[in-house]
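K.L.:
Enclosed is the structure file query_21.txt (compact mmCIF, C-alpha atoms and all ligand atoms).
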# COMPACT_ATOMS: atom_id res chain seq x y z
CA MET B 27 2.49 30.89 -5.41
CA THR B 28 4.51 30.48 -8.58
CA ALA B 29 7.07 27.92 -9.61
CA SER B 30 10.69 28.97 -9.63
CA ASP B 31 11.26 26.64 -12.59
CA PRO B 32 8.13 26.81 -14.75
CA GLN B 33 9.53 24.24 -17.23
CA ALA B 34 9.83 21.53 -14.56
CA LEU B 35 7.46 18.57 -14.47
CA ILE B 36 8.22 18.18 -10.80
CA GLU B 37 9.63 20.80 -8.50
CA LEU B 38 10.30 20.21 -4.82
CA ILE B 39 11.24 23.21 -2.73
CA GLY B 40 12.50 22.68 0.80
CA LEU B 41 10.38 19.56 1.29
CA THR B 42 10.42 18.18 4.82
CA LYS B 43 9.14 15.01 6.47
CA THR B 44 9.38 14.04 10.12
CA LEU B 45 8.32 10.64 11.39
CA ARG B 46 6.06 10.90 14.41
CA GLY B 47 4.29 8.35 16.54
CA GLN B 48 7.56 7.35 18.16
CA LYS B 49 8.98 8.66 21.44
CA GLU B 50 10.88 11.38 19.67
CA PRO B 51 9.84 12.86 16.33
CA ARG B 52 12.49 11.87 13.79
CA PRO B 53 13.26 14.21 10.89
CA ILE B 54 13.86 12.14 7.72
CA LEU B 55 13.77 14.83 5.04
CA THR B 56 14.92 18.24 6.18
CA GLY B 57 14.74 20.37 3.04
CA VAL B 58 14.73 18.54 -0.27
CA ASP B 59 15.10 20.64 -3.43
CA LEU B 60 14.67 18.92 -6.76
CA ALA B 61 13.52 19.80 -10.27
CA VAL B 62 12.76 17.10 -12.84
CA HIS B 63 12.04 17.98 -16.46
CA ALA B 64 10.57 15.95 -19.31
CA GLY B 65 13.19 13.48 -20.50
CA ASP B 66 15.33 13.91 -17.35
CA SER B 67 16.80 10.89 -15.65
CA VAL B 68 17.81 11.32 -12.04
CA ALA B 69 19.49 8.72 -9.85
CA ILE B 70 19.15 8.95 -6.08
CA LEU B 71 21.76 7.19 -4.01
CA GLY B 72 21.86 7.05 -0.26
CA ARG B 73 22.64 4.88 2.69
CA SER B 74 19.97 2.45 3.88
CA GLY B 75 17.49 4.38 6.01
CA SER B 76 18.47 7.77 4.59
CA GLY B 77 14.91 8.36 3.37
CA LYS B 78 15.01 7.50 -0.35
CA SER B 79 11.79 5.49 -0.32
CA THR B 80 10.15 8.11 1.88
CA LEU B 81 11.03 10.73 -0.71
CA LEU B 82 9.68 8.60 -3.57
CA SER B 83 6.44 8.03 -1.69
CA LEU B 84 6.03 11.80 -1.28
CA ILE B 85 6.73 12.36 -4.97
CA GLY B 86 4.34 9.54 -5.92
CA LEU B 87 1.67 11.05 -3.64
CA PHE B 88 1.42 8.01 -1.40
CA ASP B 89 2.26 10.31 1.49
CA ARG B 90 2.37 14.06 2.16
CA ALA B 91 5.21 16.33 3.23
CA ASP B 92 5.05 18.29 6.49
CA GLY B 93 6.63 21.38 5.04
CA GLY B 94 8.03 22.91 1.88
CA ARG B 95 6.30 22.86 -1.48
CA TYR B 96 5.59 20.28 -4.16
CA LEU B 97 4.75 21.58 -7.62
CA LEU B 98 3.59 19.35 -10.45
CA HIS B 99 3.52 21.10 -13.83
CA GLY B 100 3.87 24.32 -11.85
CA ARG B 101 0.75 23.62 -9.79
CA ASP B 102 1.11 23.50 -6.01
CA ILE B 103 -0.07 20.07 -4.86
CA THR B 104 1.59 20.04 -1.45
CA ARG B 105 -1.69 19.69 0.42
CA LEU B 106 -3.76 17.71 -2.03
CA PRO B 107 -6.65 15.67 -0.56
CA GLU B 108 -6.37 11.91 -1.08
CA ARG B 109 -9.13 11.63 -3.69
CA LYS B 110 -7.39 14.11 -5.97
CA ALA B 111 -3.99 12.62 -5.17
CA ALA B 112 -5.18 9.18 -6.29
CA ALA B 113 -6.34 10.57 -9.63
CA LEU B 114 -3.05 12.40 -10.19
CA ARG B 115 -1.09 9.34 -9.12
CA SER B 116 -2.58 7.17 -11.84
CA ALA B 117 -2.52 9.91 -14.49
CA GLU B 118 1.02 11.17 -13.91
CA PHE B 119 3.17 8.42 -12.45
CA GLY B 120 4.39 4.96 -13.27
CA PHE B 121 5.85 2.88 -10.44
CA VAL B 122 8.48 0.17 -10.54
CA PHE B 123 9.59 -1.60 -7.38
CA GLN B 124 12.23 -4.11 -6.39
CA ARG B 125 9.53 -6.78 -6.17
CA PHE B 126 7.63 -7.06 -9.41
CA PHE B 127 4.12 -7.45 -7.95
CA LEU B 128 2.83 -9.38 -10.97
CA LEU B 129 -0.26 -11.50 -10.56
CA LYS B 130 0.83 -15.11 -11.05
CA HIS B 131 -2.36 -16.45 -12.56
CA LEU B 132 -2.49 -13.76 -15.28
CA THR B 133 -0.39 -13.65 -18.45
CA ALA B 134 2.15 -10.88 -18.98
CA ALA B 135 -0.31 -9.09 -21.28
CA GLN B 136 -3.14 -9.42 -18.75
CA ASN B 137 -0.90 -8.05 -16.00
CA VAL B 138 -0.14 -4.99 -18.12
CA ALA B 139 -3.81 -4.61 -19.09
CA MET B 140 -4.74 -4.47 -15.40
CA ALA B 141 -3.13 -1.03 -15.22
CA LEU B 142 -5.47 0.18 -17.94
CA VAL B 143 -8.55 -1.37 -16.37
CA ASN B 144 -7.71 0.19 -13.02
CA GLY B 145 -6.57 3.55 -14.22
CA GLN B 146 -8.20 4.66 -17.43
CA GLY B 147 -11.86 3.79 -17.25
CA TRP B 148 -13.28 1.77 -20.08
CA LEU B 149 -11.28 1.30 -23.27
CA PRO B 150 -12.49 -0.72 -26.25
CA ARG B 151 -10.90 -4.17 -26.23
CA ARG B 152 -8.95 -3.68 -29.45
CA LYS B 153 -7.51 -0.38 -28.30
CA ARG B 154 -6.56 -1.86 -24.94
CA LYS B 155 -4.82 -4.80 -26.60
CA ALA B 156 -2.88 -2.49 -28.94
CA LYS B 157 -1.69 -0.36 -26.00
CA VAL B 158 -0.65 -3.42 -24.02
CA MET B 159 1.28 -4.90 -26.93
CA ALA B 160 2.95 -1.54 -27.65
CA ALA B 161 4.10 -1.31 -24.02
CA LEU B 162 5.44 -4.88 -24.05
CA GLU B 163 7.14 -4.17 -27.37
CA LYS B 164 8.77 -1.05 -25.95
CA VAL B 165 10.50 -3.07 -23.24
CA GLY B 166 11.38 -5.97 -25.54
CA VAL B 167 9.11 -8.68 -24.17
CA ALA B 168 6.18 -8.69 -26.62
CA HIS B 169 7.04 -12.29 -27.49
CA LEU B 170 6.30 -13.25 -23.88
CA ALA B 171 2.82 -11.68 -23.85
CA LYS B 172 1.05 -14.99 -23.27
CA HIS B 173 3.42 -16.29 -20.62
CA ARG B 174 2.57 -16.28 -16.95
CA PRO B 175 5.10 -14.83 -14.44
CA PRO B 176 6.27 -18.19 -13.02
CA ARG B 177 7.57 -19.05 -16.51
CA LEU B 178 9.53 -15.78 -16.79
CA SER B 179 12.99 -14.91 -15.49
CA GLY B 180 13.39 -12.13 -12.92
CA GLY B 181 14.56 -9.69 -15.60
CA GLU B 182 11.66 -10.57 -17.86
CA GLN B 183 9.21 -10.12 -15.00
CA GLN B 184 10.68 -6.73 -14.19
CA ARG B 185 10.36 -5.67 -17.82
CA VAL B 186 6.71 -6.72 -17.78
CA ALA B 187 6.33 -4.62 -14.62
CA ILE B 188 7.93 -1.69 -16.48
CA ALA B 189 5.50 -2.21 -19.37
CA ARG B 190 2.68 -2.09 -16.81
CA ALA B 191 4.07 1.22 -15.54
CA LEU B 192 4.46 2.62 -19.07
CA VAL B 193 1.13 1.54 -20.53
CA ARG B 194 -0.67 4.52 -19.01
CA GLU B 195 1.90 6.84 -20.58
CA PRO B 196 3.05 8.40 -17.32
CA LYS B 197 4.89 11.72 -17.23
CA VAL B 198 7.31 10.41 -14.61
CA LEU B 199 8.57 6.93 -13.78
CA LEU B 200 9.45 6.32 -10.13
CA ALA B 201 11.69 3.29 -9.72
CA ASP B 202 12.62 2.13 -6.21
CA GLU B 203 15.60 -0.23 -6.41
CA PRO B 204 14.21 -1.97 -9.49
CA THR B 205 17.37 -4.04 -9.91
CA GLY B 206 17.67 -5.07 -6.26
CA ALA B 207 16.51 -8.63 -6.96
CA LEU B 208 18.43 -9.09 -10.21
CA ASP B 209 21.95 -10.07 -11.18
CA THR B 210 24.25 -7.41 -12.62
CA GLU B 211 23.69 -8.18 -16.29
CA THR B 212 19.92 -8.39 -15.97
CA GLY B 213 19.96 -5.26 -13.82
CA ASN B 214 21.79 -3.41 -16.60
CA LEU B 215 19.14 -4.44 -19.08
CA VAL B 216 16.37 -3.22 -16.78
CA VAL B 217 18.14 0.12 -16.27
CA SER B 218 18.52 0.47 -20.05
CA THR B 219 14.82 -0.21 -20.45
CA LEU B 220 13.95 2.49 -17.92
CA TYR B 221 16.40 4.93 -19.47
CA GLU B 222 14.92 4.29 -22.91
CA ALA B 223 11.56 5.59 -21.63
CA THR B 224 13.15 8.98 -21.00
CA ARG B 225 13.96 9.31 -24.71
CA GLN B 226 10.24 9.50 -25.29
CA GLY B 227 9.92 12.39 -22.88
CA CYS B 228 9.16 10.56 -19.66
CA GLY B 229 11.00 11.76 -16.54
CA LEU B 230 12.74 9.06 -14.50
CA ILE B 231 13.71 9.01 -10.84
CA LEU B 232 15.74 5.93 -10.03
CA VAL B 233 16.54 5.01 -6.43
CA THR B 234 19.46 2.64 -6.44
CA HIS B 235 22.39 1.40 -4.40
CA ASP B 236 24.34 0.60 -7.55
CA TRP B 237 26.79 3.26 -8.69
CA ASP B 238 27.08 1.71 -12.16
CA HIS B 239 23.35 2.06 -12.65
CA ALA B 240 23.26 5.52 -11.14
CA ARG B 241 25.94 6.95 -13.38
CA ARG B 242 23.97 6.02 -16.49
CA MET B 243 21.41 8.66 -15.53
CA ASN B 244 21.79 12.31 -16.58
CA ARG B 245 22.08 13.39 -12.97
CA VAL B 246 23.23 11.61 -9.83
CA LEU B 247 22.14 12.86 -6.42
CA ARG B 248 22.87 11.60 -2.96
CA LEU B 249 20.38 11.81 -0.11
CA THR B 250 22.23 12.47 3.09
CA GLY B 251 21.28 14.37 6.23
CA GLY B 252 17.76 14.73 4.84
CA THR B 253 18.76 16.74 1.76
CA LEU B 254 19.86 15.99 -1.80
CA HIS B 255 23.38 16.71 -3.02
CA GLU B 256 24.84 16.50 -6.51
CA VAL B 257 27.35 13.69 -6.91
CA GLY B 258 30.11 14.96 -9.17
CA ASP B 259 32.80 13.07 -11.03
CA ASP B 260 35.17 13.70 -8.11
CA ASP B 261 32.89 11.65 -5.89
CA ARG B 262 33.10 8.54 -8.05
CA PRO B 263 34.00 5.41 -6.17
CA VAL B 264 37.51 4.12 -6.56
CA GLU B 265 38.05 0.65 -8.02
CA PRO B 266 37.23 -2.03 -5.45
CA VAL B 267 40.22 -3.56 -3.72
CA ALA B 268 40.77 -7.14 -4.86
CA ASN B 269 39.88 -9.77 -2.23
CA ALA B 270 38.65 -7.13 0.21
CA GLU B 271 35.39 -7.93 1.89
CA VAL B 272 32.96 -5.53 0.32
CA THR B 273 30.04 -4.63 2.51
CA GLN B 274 28.97 -1.53 0.60
CA GLU B 275 29.04 -0.77 -3.08
CA PHE B 276 30.46 2.69 -2.48
CA PRO B 277 33.28 4.11 -0.45
CA ALA B 278 32.17 6.23 2.47
CA GLY B 279 30.48 9.39 1.34
CA VAL B 280 29.44 8.37 -2.15
CA GLY B 281 26.56 6.05 -1.56
CA SER B 282 25.52 7.40 1.79
N1 LIG Z 301 6.11 3.68 8.37
C1 LIG Z 301 7.23 3.88 9.06
N2 LIG Z 301 7.22 3.84 10.41
C2 LIG Z 301 8.35 4.03 11.11
N3 LIG Z 301 9.55 4.29 10.56
C3 LIG Z 301 9.61 4.35 9.23
C4 LIG Z 301 8.46 4.16 8.41
N4 LIG Z 301 8.85 4.29 7.11
C5 LIG Z 301 10.16 4.55 7.14
N5 LIG Z 301 10.62 4.60 8.40
C6 LIG Z 301 11.99 4.91 8.81
O1 LIG Z 301 12.36 6.08 8.11
C7 LIG Z 301 13.73 6.00 7.71
C8 LIG Z 301 13.83 6.18 6.21
O2 LIG Z 301 13.28 5.04 5.59
P1 LIG Z 301 13.32 4.83 4.03
O3 LIG Z 301 12.67 3.50 3.75
O4 LIG Z 301 12.78 6.01 3.36
O5 LIG Z 301 14.89 4.73 3.75
P2 LIG Z 301 15.67 4.22 2.46
O6 LIG Z 301 16.75 5.20 2.22
O7 LIG Z 301 14.71 4.00 1.34
O8 LIG Z 301 16.26 2.85 2.95
P3 LIG Z 301 16.65 1.52 2.11
O9 LIG Z 301 17.78 1.89 1.21
O10 LIG Z 301 17.05 0.55 3.18
O11 LIG Z 301 15.43 1.08 1.38
C9 LIG Z 301 14.23 4.65 8.19
O12 LIG Z 301 14.93 4.85 9.39
C10 LIG Z 301 12.98 3.85 8.42
O13 LIG Z 301 13.17 2.91 9.44
Could you take the file, read its structure, and then write that structure out as structure tokens?
P.N.:
Amino acid sequence: MTASDPQALIELIGLTKTLRGQKEPRPILTGVDLAVHAGDSVAILGRSGSGKSTLLSLIGLFDRADGGRYLLHGRDITRLPERKAAALRSAEFGFVFQRFFLLKHLTAAQNVAMALVNGQGWLPRRKRKAKVMAALEKVGVAHLAKHRPPRLSGGEQQRVAIARALVREPKVLLADEPTGALDTETGNLVVSTLYEATRQGCGLILVTHDWDHARRMNRVLRLTGGTLHEVGDDDRPVEPVANAEVTQEFPAGVGS
């Protein structure tokens, strides 16, 4: 089988996923098509429960699709056994989550170094330290290298988590609501940090509920009915009504 877009880092063709183990099988993804190239930034919006995290976990090889095809660098990895998936996961992907998952008793630098220890075999100490500091530098928190997470703000912790994702030089960053626990200003900084990584050729898939963050990506897609749809300028949310009780960040149809 050949890729329809040989330049793509990631190509998903008609990917499907149905949840089983319940009374009725429940289709979550019904035919997802997506191509991500080096340096691409893609935002995925969608109503809660629409399947955004499920899709990211398929892309990040934490789970497998039931149908369709998944090509990585043009190679079909739809049915990869777990051992090979684990190796690809650490070689190809960086993950950033809403919760930072930093180890409290380790410094920022040690947290980042953990990704190297776990993923890249043995590296000489000096080389490891240089990589860690370069990653912290890239996200603007090198000066906090010796601080432990409890002494860092939420935004600083998330940037350390991004450094941890970047230190292995992933081809694609997968970010699942990375600003969900942050205030708007800090969230903006974190999104800028992620976007900056794409300038160095990394692909970025950002799952978010925040239209303002989404629109800073090159492409905005909406997951609805189990498939991805382009969100065009016409779909932009209107200005929020003053004093209205806002329960969603988007008007119907945009963020769902
Ligand atoms: N392990 C699981 N077992 C049962 N149901 C699950 C499981 N994982 C996800 N689901 C269900 O699948 C659907 C999609 O979940 P998913 O977390 O992918 O949605 P989401 O769009 O990321 O939601 P949110 O924006 O709230 O994070 C939801 O209805 C969820 O309840």
K.L.:
Hey, which of B:Ala191, B:Leu178, B:Ile103, B:Ile36 ends up closest to Val68 of chain B? Count only C-alpha atoms.
P.N.:
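For Val68 of chain B, the nearest of the candidates is B:Ile36.
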K.L.:
Grab the atom CA of Leu249 of chain B to atom CA of Ile85 of chain B distance for me, in Å with one decimal place.
P.N.:
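If I compute the distance from atom CA of Leu249 of chain B to atom CA of Ile85 of chain B, I get 14.5 Å.
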K.L.:
Using Å and a single decimal, report how far atom O3 of ligand LIG 301 (chain Z) sits from atom CA of Gly206 of chain B.
P.N.:
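Computing the Euclidean distance for atom CA of Gly206 of chain B and atom O3 of ligand LIG 301 (chain Z) yields 14.1 Å.
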K.L.:
Extract, using only C-alpha atoms, all DNA, RNA and protein residues at most 8 Å from Val198 of chain B, discarding same-chain residues fewer than 3 positions from it, and format them as an MDAnalysis selection string.
P.N.:
chainID B and resid 64 118:120 228:231
K.L.:
Just write the chosen residues, C-alpha atoms, as a PDB file, in the frame of the given file.
P.N.:
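result-v6.pdb was written with the following content:
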ATOM      1  CA  ALA B  64      10.570  15.950 -19.310  1.00  0.00           C
ATOM      2  CA  GLU B 118       1.020  11.170 -13.910  1.00  0.00           C
ATOM      3  CA  PHE B 119       3.170   8.420 -12.450  1.00  0.00           C
ATOM      4  CA  GLY B 120       4.390   4.960 -13.270  1.00  0.00           C
ATOM      5  CA  CYS B 228       9.160  10.560 -19.660  1.00  0.00           C
ATOM      6  CA  GLY B 229      11.000  11.760 -16.540  1.00  0.00           C
ATOM      7  CA  LEU B 230      12.740   9.060 -14.500  1.00  0.00           C
ATOM      8  CA  ILE B 231      13.710   9.010 -10.840  1.00  0.00           C
TER       9      ILE B 231
END
K.L.:
Collect all residues with atoms no farther than 8 Å from ligand LIG 301 (chain Z), counting only C-alpha atoms and all ligand atoms, and output them as a ChimeraX atom specification.
P.N.:
/B:45-46,48,54,72-81,203,234-235,249
K.L.:
At a cut-off of 10 Å, using all atoms listed in the file, what residues contact segment 192-196 of chain B? Leave out same-chain residues fewer than 5 positions from it and give the result as number ranges by chain.
P.N.:
B: 115-122, 138-142, 145-146, 154, 157-162, 164-165, 186-187, 220, 223, 226-229
K.L.:
Please indicate the distance in Å from atom CA of Asp238 of chain B to atom CA of Ser218 of chain B, rounded to one decimal place.
P.N.:
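Separation of atom CA of Asp238 of chain B and atom CA of Ser218 of chain B: 11.7 Å.
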K.L.:
Return as JSON the centre and edge lengths, in Å with one decimal, of the box along x, y and z that encloses every atom of segment 220-227 of chain B in the file, padded by 6 Å per side.
P.N.:
{"center_x": 13.2, "center_y": 7.4, "center_z": -21.6, "size_x": 18.5, "size_y": 21.9, "size_z": 19.4}
K.L.:
Measuring atom to atom with all atoms listed in the file, identify which of B:Pro107, B:Pro150, B:Pro32, B:Pro175 is nearest to Leu132 of chain B.
P.N.:
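Smallest separation from Leu132 of chain B among the options: B:Pro175.
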K.L.:
I'd like the contact shell of segment 254-256 of chain B - 9 Å cut-off, all atoms listed in the file, skipping same-chain residues fewer than 5 positions apart - returned as a list in words.
P.N.:
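Contacts, in chain order: Gly57, Val58, Asp59, Leu60, Ile70, Arg245, Val246, Leu247, Arg248 and Leu249 of chain B.
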K.L.:
Select, counting all atoms listed in the file, all protein, DNA and RNA residues no farther than 9 Å from (13.1, -1.3, -8.7) in file coordinates, and express the selection as a PyMOL selection string.
P.N.:
chain B and resi 121-126+184+200-207+216+232-234
K.L.:
May I ask which of the residues B:Arg185, B:Lys197, B:Lys172, B:Lys155 is the closest one to Leu98 of chain B, counting all atoms listed in the file?
P.N.:
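Of B:Arg185, B:Lys197, B:Lys172, B:Lys155, the one nearest Leu98 of chain B is B:Lys197, counting all atoms listed in the file.
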K.L.:
Under the rule that all atoms listed in the file are counted, which of B:Lys43, B:Arg152, B:His239, B:His99 is the nearest residue to Thr56 of chain B?
P.N.:
B:Lys43
